[in-house]
$ cat coords25.tsv   # TSV, C-alpha atoms and all ligand atoms
chain	number	residue	atom	x	y	z
A	1	MET	CA	-61.58	2.56	178.15
A	2	GLN	CA	-58.88	3.10	175.55
A	3	PHE	CA	-55.80	5.05	176.40
A	4	SER	CA	-55.79	6.76	173.03
A	5	LEU	CA	-58.49	8.95	174.58
A	6	PHE	CA	-55.90	10.41	176.90
A	7	GLU	CA	-54.17	13.65	176.18
A	8	THR	CA	-50.54	13.19	175.24
A	9	PRO	CA	-47.90	14.67	177.56
A	10	GLU	CA	-47.02	17.15	174.78
A	11	ASN	CA	-50.40	18.79	175.41
A	12	ASN	CA	-49.66	18.74	179.08
A	13	SER	CA	-47.38	21.74	179.23
A	14	SER	CA	-47.34	22.03	183.00
A	15	SER	CA	-45.27	18.90	183.68
A	16	HIS	CA	-42.15	19.73	185.66
A	17	GLN	CA	-39.10	18.20	187.27
A	18	LEU	CA	-38.89	18.53	191.06
A	19	PRO	CA	-35.89	20.58	192.22
A	20	LEU	CA	-34.20	17.74	194.13
A	21	SER	CA	-30.42	17.96	194.43
A	22	GLU	CA	-30.03	14.20	193.88
A	23	GLY	CA	-32.68	12.02	192.25
A	24	ASP	CA	-34.98	12.34	189.28
A	25	VAL	CA	-38.67	13.07	189.83
A	26	THR	CA	-41.13	14.48	187.28
A	27	TYR	CA	-44.71	15.55	187.99
A	28	PHE	CA	-47.41	15.37	185.31
A	29	PRO	CA	-50.63	17.07	186.48
A	30	GLN	CA	-53.77	16.13	184.50
A	31	ALA	CA	-52.04	13.09	182.98
A	32	ILE	CA	-55.46	11.46	183.12
A	33	PRO	CA	-58.36	13.71	182.01
A	34	LYS	CA	-60.74	14.60	184.84
A	35	ASN	CA	-63.75	12.59	183.61
A	36	ASP	CA	-61.65	9.44	183.19
A	37	ALA	CA	-59.98	9.99	186.57
A	38	ASP	CA	-63.43	10.35	188.22
A	39	THR	CA	-64.55	7.06	186.63
A	40	PHE	CA	-61.35	5.21	187.58
A	41	PHE	CA	-61.67	6.41	191.18
A	42	GLU	CA	-65.22	5.00	191.46
A	43	GLN	CA	-64.34	1.76	189.64
A	44	LEU	CA	-61.20	1.00	191.65
A	45	GLN	CA	-62.90	1.77	194.94
A	46	SER	CA	-65.63	-0.79	194.20
A	47	GLU	CA	-63.76	-3.44	192.20
A	48	LEU	CA	-60.41	-4.02	193.98
A	49	PRO	CA	-60.21	-6.60	196.81
A	50	TRP	CA	-59.07	-4.02	199.39
A	51	ARG	CA	-57.54	-5.31	202.64
A	52	GLN	CA	-56.07	-3.75	205.76
A	53	ASP	CA	-52.88	-5.59	206.59
A	54	THR	CA	-51.18	-5.88	209.95
A	55	ILE	CA	-47.44	-5.39	210.35
A	56	LYS	CA	-45.21	-5.91	213.35
A	57	LEU	CA	-43.85	-2.69	214.87
A	58	PHE	CA	-41.37	-3.21	217.74
A	59	GLY	CA	-42.78	-6.73	218.06
A	60	LYS	CA	-46.39	-5.57	218.30
A	61	PRO	CA	-49.05	-6.14	215.60
A	62	VAL	CA	-50.27	-2.82	214.17
A	63	LYS	CA	-52.89	-2.29	211.45
A	64	ILE	CA	-51.45	-0.21	208.64
A	65	PRO	CA	-53.33	3.11	208.31
A	66	ARG	CA	-54.80	2.56	204.82
A	67	LEU	CA	-56.25	-0.21	202.64
A	68	GLN	CA	-54.11	-1.93	200.01
A	69	SER	CA	-54.37	-4.25	197.05
A	70	TRP	CA	-51.48	-5.81	195.10
A	71	HIS	CA	-51.91	-6.66	191.40
A	72	GLY	CA	-49.59	-7.86	188.67
A	73	ASP	CA	-48.38	-10.58	186.35
A	74	PRO	CA	-48.66	-14.04	187.98
A	75	GLU	CA	-44.97	-14.28	188.96
A	76	CYS	CA	-45.00	-10.92	190.81
A	77	THR	CA	-44.97	-11.98	194.45
A	78	TYR	CA	-43.90	-8.99	196.53
A	79	THR	CA	-42.50	-8.63	200.04
A	80	TYR	CA	-43.25	-5.31	201.70
A	81	SER	CA	-42.79	-4.54	205.43
A	82	ASN	CA	-42.39	-8.30	206.07
A	83	LEU	CA	-45.66	-9.00	204.25
A	84	THR	CA	-45.54	-11.34	201.27
A	85	MET	CA	-48.32	-10.65	198.82
A	86	SER	CA	-49.38	-12.83	195.87
A	87	PRO	CA	-50.65	-10.73	192.99
A	88	ASN	CA	-54.31	-10.25	192.19
A	89	PRO	CA	-54.95	-10.18	188.43
A	90	TRP	CA	-55.00	-6.96	186.38
A	91	THR	CA	-58.42	-5.35	186.10
A	92	GLU	CA	-59.43	-3.45	182.96
A	93	SER	CA	-59.02	-0.08	184.70
A	94	LEU	CA	-55.61	-0.94	186.19
A	95	ALA	CA	-54.39	-2.19	182.78
A	96	SER	CA	-55.62	0.99	181.12
A	97	ILE	CA	-53.91	3.28	183.66
A	98	LYS	CA	-50.72	1.17	183.40
A	99	ALA	CA	-50.72	1.73	179.61
A	100	ARG	CA	-51.06	5.47	180.18
A	101	CYS	CA	-48.07	5.48	182.59
A	102	GLU	CA	-45.98	3.50	180.09
A	103	GLN	CA	-46.92	6.00	177.38
A	104	ILE	CA	-45.78	8.91	179.57
A	105	CYS	CA	-42.50	7.15	180.40
A	106	GLU	CA	-41.78	6.32	176.78
A	107	GLN	CA	-42.47	9.85	175.59
A	108	SER	CA	-40.97	11.84	178.42
A	109	CYS	CA	-38.41	9.85	180.36
A	110	SER	CA	-34.77	9.15	179.56
A	111	SER	CA	-34.38	6.20	177.17
A	112	GLN	CA	-32.13	4.48	179.74
A	113	TYR	CA	-35.19	3.94	181.97
A	114	GLU	CA	-37.39	0.84	181.92
A	115	ALA	CA	-40.80	2.01	180.79
A	116	ARG	CA	-42.73	-1.25	181.30
A	117	PHE	CA	-44.48	-2.17	184.51
A	118	ASN	CA	-45.52	-5.69	185.60
A	119	SER	CA	-47.17	-4.88	188.93
A	120	VAL	CA	-48.95	-2.21	190.95
A	121	LEU	CA	-49.55	-1.49	194.63
A	122	ALA	CA	-52.91	0.22	195.14
A	123	ASN	CA	-53.34	2.28	198.34
A	124	TRP	CA	-56.69	3.67	199.49
A	125	TYR	CA	-56.39	6.54	202.00
A	126	ARG	CA	-59.95	6.64	203.31
A	127	ASP	CA	-59.58	10.02	205.04
A	128	GLY	CA	-56.99	12.34	206.61
A	129	GLN	CA	-56.14	9.77	209.29
A	130	ASP	CA	-54.81	7.36	206.68
A	131	SER	CA	-51.15	7.89	205.82
A	132	MET	CA	-47.89	6.29	204.71
A	133	SER	CA	-44.77	6.71	206.81
A	134	PHE	CA	-41.40	7.73	205.36
A	135	HIS	CA	-39.76	4.93	203.37
A	136	SER	CA	-37.82	4.30	200.15
A	137	ASP	CA	-38.98	1.86	197.52
A	138	ASP	CA	-35.68	0.01	197.54
A	139	GLU	CA	-36.62	-3.63	197.92
A	140	PRO	CA	-34.20	-5.94	196.06
A	141	GLU	CA	-36.98	-7.09	193.65
A	142	LEU	CA	-37.12	-3.54	192.25
A	143	GLY	CA	-33.48	-3.60	191.14
A	144	ILE	CA	-31.09	-0.65	191.11
A	145	ASN	CA	-32.55	2.79	190.35
A	146	PRO	CA	-36.16	1.65	189.77
A	147	VAL	CA	-38.68	3.65	187.73
A	148	ILE	CA	-41.93	3.98	189.69
A	149	ALA	CA	-45.04	5.69	188.30
A	150	SER	CA	-47.36	6.98	191.03
A	151	VAL	CA	-50.96	7.86	190.08
A	152	THR	CA	-53.31	9.91	192.26
A	153	LEU	CA	-57.11	9.70	192.08
A	154	GLY	CA	-59.42	11.59	194.44
A	155	GLU	CA	-58.35	13.98	197.19
A	156	ALA	CA	-55.06	15.85	196.63
A	157	ARG	CA	-52.46	15.16	199.35
A	158	PRO	CA	-48.98	16.62	199.95
A	159	PHE	CA	-46.23	14.12	199.08
A	160	VAL	CA	-43.01	14.77	201.00
A	161	PHE	CA	-39.48	13.86	199.92
A	162	LYS	CA	-36.77	14.00	202.58
A	163	HIS	CA	-33.06	13.58	201.83
A	164	LYS	CA	-31.63	10.76	203.95
A	165	GLU	CA	-28.48	12.72	204.93
A	166	THR	CA	-29.04	16.45	204.46
A	167	LYS	CA	-32.74	16.20	205.55
A	168	GLU	CA	-33.56	18.59	202.67
A	169	LYS	CA	-37.34	18.45	202.17
A	170	HIS	CA	-39.48	18.94	199.11
A	171	ILE	CA	-43.26	18.84	199.02
A	172	GLN	CA	-45.36	18.23	195.90
A	173	VAL	CA	-49.14	18.23	196.22
A	174	LEU	CA	-50.35	15.26	194.16
A	175	GLU	CA	-53.59	16.20	192.41
A	176	HIS	CA	-56.48	14.15	191.02
A	177	GLY	CA	-55.43	12.59	187.70
A	178	SER	CA	-51.72	13.29	188.17
A	179	VAL	CA	-48.74	10.98	187.59
A	180	LEU	CA	-45.42	11.33	189.43
A	181	ILE	CA	-42.45	9.46	187.97
A	182	MET	CA	-39.62	8.63	190.38
A	183	ALA	CA	-36.45	7.39	188.68
A	184	GLY	CA	-32.65	7.44	188.79
A	185	THR	CA	-31.12	7.56	192.28
A	186	THR	CA	-34.28	8.96	193.98
A	187	GLN	CA	-34.79	5.88	196.19
A	188	THR	CA	-31.09	5.80	197.18
A	189	HIS	CA	-31.03	9.38	198.48
A	190	TYR	CA	-34.60	10.13	199.61
A	191	VAL	CA	-37.42	8.76	201.70
A	192	HIS	CA	-40.99	9.76	200.85
A	193	GLY	CA	-44.35	9.65	202.60
A	194	ILE	CA	-47.89	10.98	203.09
A	195	ALA	CA	-48.64	12.59	206.48
A	196	LYS	CA	-51.90	12.45	208.39
A	197	THR	CA	-54.05	15.59	208.52
A	198	ALA	CA	-56.78	16.69	210.95
A	199	LYS	CA	-58.60	18.43	208.07
A	200	PRO	CA	-61.88	16.81	207.01
A	201	ILE	CA	-60.88	15.49	203.59
A	202	GLY	CA	-62.16	12.87	201.16
A	203	GLY	CA	-60.64	9.60	200.03
A	204	ARG	CA	-57.61	9.19	197.79
A	205	ILE	CA	-56.49	6.20	195.76
A	206	ASN	CA	-52.82	5.97	194.85
A	207	LEU	CA	-51.37	3.44	192.41
A	208	THR	CA	-47.61	2.84	192.29
A	209	PHE	CA	-46.69	0.94	189.13
A	210	ARG	CA	-43.43	-0.99	189.44
A	211	HIS	CA	-41.24	-3.37	187.45
A	212	LEU	CA	-40.30	-6.40	189.54
A	213	ILE	CA	-37.23	-8.33	188.52
A	214	GLN	CA	-37.58	-12.10	188.76
A	215	LYS	CA	-35.19	-13.80	191.14
A	216	ALA	CA	-32.89	-16.43	189.64
A	217	ARG	CA	-34.25	-19.88	190.55
B	1	LIG	O1	-49.67	7.41	198.23
B	1	LIG	C1	-48.63	7.81	197.73
B	1	LIG	O2	-48.57	8.82	197.03
B	1	LIG	C2	-47.33	7.08	198.01
B	1	LIG	C3	-47.39	5.60	197.90
B	1	LIG	C4	-46.04	4.99	198.08
B	1	LIG	O3	-45.07	5.63	198.39
B	1	LIG	C5	-45.87	3.55	197.87
B	1	LIG	O4	-46.85	2.84	197.57
B	1	LIG	O5	-44.73	3.07	198.00
B	2	FE	FE	-43.25	4.52	198.14

$ encode --input "coords25.tsv" --output "structure tokens" --more "lines below"
Ligand SMILES: O=C(O)CCC(=O)C(=O)O
Ligand SMILES: [Fe+2]
Amino acid sequence: MQFSLFETPENNSSSHQLPLSEGDVTYFPQAIPKNDADTFFEQLQSELPWRQDTIKLFGKPVKIPRLQSWHGDPECTYTYSNLTMSPNPWTESLASIKARCEQICEQSCSSQYEARFNSVLANWYRDGQDSMSFHSDDEPELGINPVIASVTLGEARPFVFKHKETKEKHIQVLEHGSVLIMAGTTQTHYVHGIAKTAKPIGGRINLTFRHLIQKAR
């Protein structure tokens, strides 16, 4: 699929900045047209090598409540919750969605921001019992003030930002085909997460595109 088929953000008049007192977050609904988003959802669900990792919580092994898959350029080894993941290669659909996110960043984000991504963490929330606890994406490999593009396919879920000191909260429902760009000091001041819900809901795939900085050897 070619990304020239996508609408440009200029046509996407409903993009808006979240009203966070510190941080820089912009939401682009319908960044990926519905038909393409439907196809990507099906393709990614069947083609990615999904795995359920185990992390240690207070010394005890706990299965994380979602499936994940890490992809990127060959040098992009990533450590997340004490897990070190070697990258799986880019698939055609991941590369196409990455190009769309880079296009949005180039056209709509401040020129001081890096608008190239070399890796992506894919998360598959199979139902309402799958979740992601509050965290910041502030690993050293991401550098200072990282730009992260977060794509939602499938079921819409509320995405919660919480200020680390003031506890100010902001909720944005992330819809099918949307892109959320987190930049500036967002990771310094806020944690974010996806809560569980008892509602009977369908699956959601989230892709967070990142730019990893290579460590000096
Ligand atoms: O599923 C989401 O929207 C959030 C994913 C996320 O925060 C992450 O992968 O770091
Ligand atoms: Fe995150």

$ residues_near_point --input "coords25.tsv" --point "(-50.5, -8.2, 193.7)" --cutoff "7 Å" --atoms "only C-alpha atoms" --output "JSON, numbers by chain"
{"A": [69, 70, 71, 72, 76, 77, 85, 86, 87, 88, 119, 120, 121]}

$ residues_near_ligand --input "coords25.tsv" --ligand "ligand LIG 1 (chain B)" --cutoff "7 Å" --atoms "only C-alpha atoms and all ligand atoms" --output "list in words"
Leu121, Asn123, Met132, Asp137, Ser150, Thr152, Phe159, His192, Gly193, Ile194, Asn206, Leu207 and Thr208 of chain A

$ residues_near_point --input "coords25.tsv" --point "(-58.7, -6.4, 192.3)" --cutoff "10 Å" --atoms "only C-alpha atoms" --output "ChimeraX atom specification"
/A:44-50,69-72,87-94,122

$ residues_around --input "coords25.tsv" --residues "Asp138 (chain A)" --least-positions-apart "5" --cutoff "8 Å" --atoms "only C-alpha atoms" --output "JSON, numbers by chain"
{"A": [143, 144, 146, 187, 188]}

$ closest_residue --input "coords25.tsv" --among "A:Lys164, A:Arg126, A:Lys63, A:His135" --to "ligand FE 2 (chain B)" --atoms "all atoms listed in the file"
A:His135

$ closest_residue --input "coords25.tsv" --among "A:Ala156, A:Ile148, A:Ile205, A:Ala195" --to "ligand FE 2 (chain B)" --atoms "all atoms listed in the file"
A:Ile148

$ atom_distance --input "coords25.tsv" --atom1 "CA of Glu168 (chain A)" --atom2 "CA of Leu18 (chain A)"
12.8 Å

$ closest_residue --input "coords25.tsv" --among "A:Cys105, A:Met182, A:Leu57, A:Val62" --to "ligand FE 2 (chain B)" --atoms "only C-alpha atoms and all ligand atoms"
A:Met182

$ closest_residue --input "coords25.tsv" --among "A:Gln214, A:Ser131, A:Asn118, A:Gln17" --to "ligand FE 2 (chain B)" --atoms "all atoms listed in the file"
A:Ser131

$ closest_residue --input "coords25.tsv" --among "A:Val160, A:Leu83, A:Ile64, A:Ile181" --to "Ala31 (chain A)" --atoms "only C-alpha atoms"
A:Ile181

$ atom_distance --input "coords25.tsv" --atom1 "CA of Val191 (chain A)" --atom2 "CA of Gln52 (chain A)"
22.8 Å

$ residues_around --input "coords25.tsv" --residues "Asp130 (chain A)" --least-positions-apart "6" --cutoff "8 Å" --atoms "all atoms listed in the file" --output "ChimeraX atom specification"
/A:65-66,196

$ axis_aligned_box --input "coords25.tsv" --around "region 178-184 of chain A" --padding-each-side "5 Å" --output "JSON"
{"center_x": -42.2, "center_y": 10.3, "center_z": 189.0, "size_x": 29.1, "size_y": 15.9, "size_z": 12.8}

$ atom_distance --input "coords25.tsv" --atom1 "CA of Gly202 (chain A)" --atom2 "CA of Gln68 (chain A)"
16.9 Å

$ closest_residue --input "coords25.tsv" --among "A:Ser136, A:Arg157, A:Ser110, A:Ile201" --to "ligand FE 2 (chain B)" --atoms "all atoms listed in the file"
A:Ser136

$ residues_around --input "coords25.tsv" --residues "His170 (chain A)" --least-positions-apart "3" --cutoff "8 Å" --atoms "all atoms listed in the file" --output "number ranges by chain"
A: 19-20, 160-162

$ residues_around --input "coords25.tsv" --residues "Ala37 (chain A)" --least-positions-apart "2" --cutoff "12 Å" --atoms "all atoms listed in the file" --output "JSON, numbers by chain"
{"A": [1, 6, 29, 30, 31, 32, 33, 34, 35, 39, 40, 41, 42, 43, 44, 93, 94, 96, 97, 100, 151, 152, 153, 154, 155, 175, 176, 177, 178, 179, 204, 205, 206]}

$ write_last_selection --input "coords25.tsv" --atoms "C-alpha atoms" --output "mmCIF file, keeping the file's coordinate frame"
data_model
loop_
_atom_site.group_PDB
_atom_site.id
_atom_site.type_symbol
_atom_site.label_atom_id
_atom_site.label_comp_id
_atom_site.auth_asym_id
_atom_site.auth_seq_id
_atom_site.Cartn_x
_atom_site.Cartn_y
_atom_site.Cartn_z
ATOM 1 C CA MET A 1 -61.580 2.560 178.150
ATOM 2 C CA PHE A 6 -55.900 10.410 176.900
ATOM 3 C CA PRO A 29 -50.630 17.070 186.480
ATOM 4 C CA GLN A 30 -53.770 16.130 184.500
ATOM 5 C CA ALA A 31 -52.040 13.090 182.980
ATOM 6 C CA ILE A 32 -55.460 11.460 183.120
ATOM 7 C CA PRO A 33 -58.360 13.710 182.010
ATOM 8 C CA LYS A 34 -60.740 14.600 184.840
ATOM 9 C CA ASN A 35 -63.750 12.590 183.610
ATOM 10 C CA THR A 39 -64.550 7.060 186.630
ATOM 11 C CA PHE A 40 -61.350 5.210 187.580
ATOM 12 C CA PHE A 41 -61.670 6.410 191.180
ATOM 13 C CA GLU A 42 -65.220 5.000 191.460
ATOM 14 C CA GLN A 43 -64.340 1.760 189.640
ATOM 15 C CA LEU A 44 -61.200 1.000 191.650
ATOM 16 C CA SER A 93 -59.020 -0.080 184.700
ATOM 17 C CA LEU A 94 -55.610 -0.940 186.190
ATOM 18 C CA SER A 96 -55.620 0.990 181.120
ATOM 19 C CA ILE A 97 -53.910 3.280 183.660
ATOM 20 C CA ARG A 100 -51.060 5.470 180.180
ATOM 21 C CA VAL A 151 -50.960 7.860 190.080
ATOM 22 C CA THR A 152 -53.310 9.910 192.260
ATOM 23 C CA LEU A 153 -57.110 9.700 192.080
ATOM 24 C CA GLY A 154 -59.420 11.590 194.440
ATOM 25 C CA GLU A 155 -58.350 13.980 197.190
ATOM 26 C CA GLU A 175 -53.590 16.200 192.410
ATOM 27 C CA HIS A 176 -56.480 14.150 191.020
ATOM 28 C CA GLY A 177 -55.430 12.590 187.700
ATOM 29 C CA SER A 178 -51.720 13.290 188.170
ATOM 30 C CA VAL A 179 -48.740 10.980 187.590
ATOM 31 C CA ARG A 204 -57.610 9.190 197.790
ATOM 32 C CA ILE A 205 -56.490 6.200 195.760
ATOM 33 C CA ASN A 206 -52.820 5.970 194.850
#
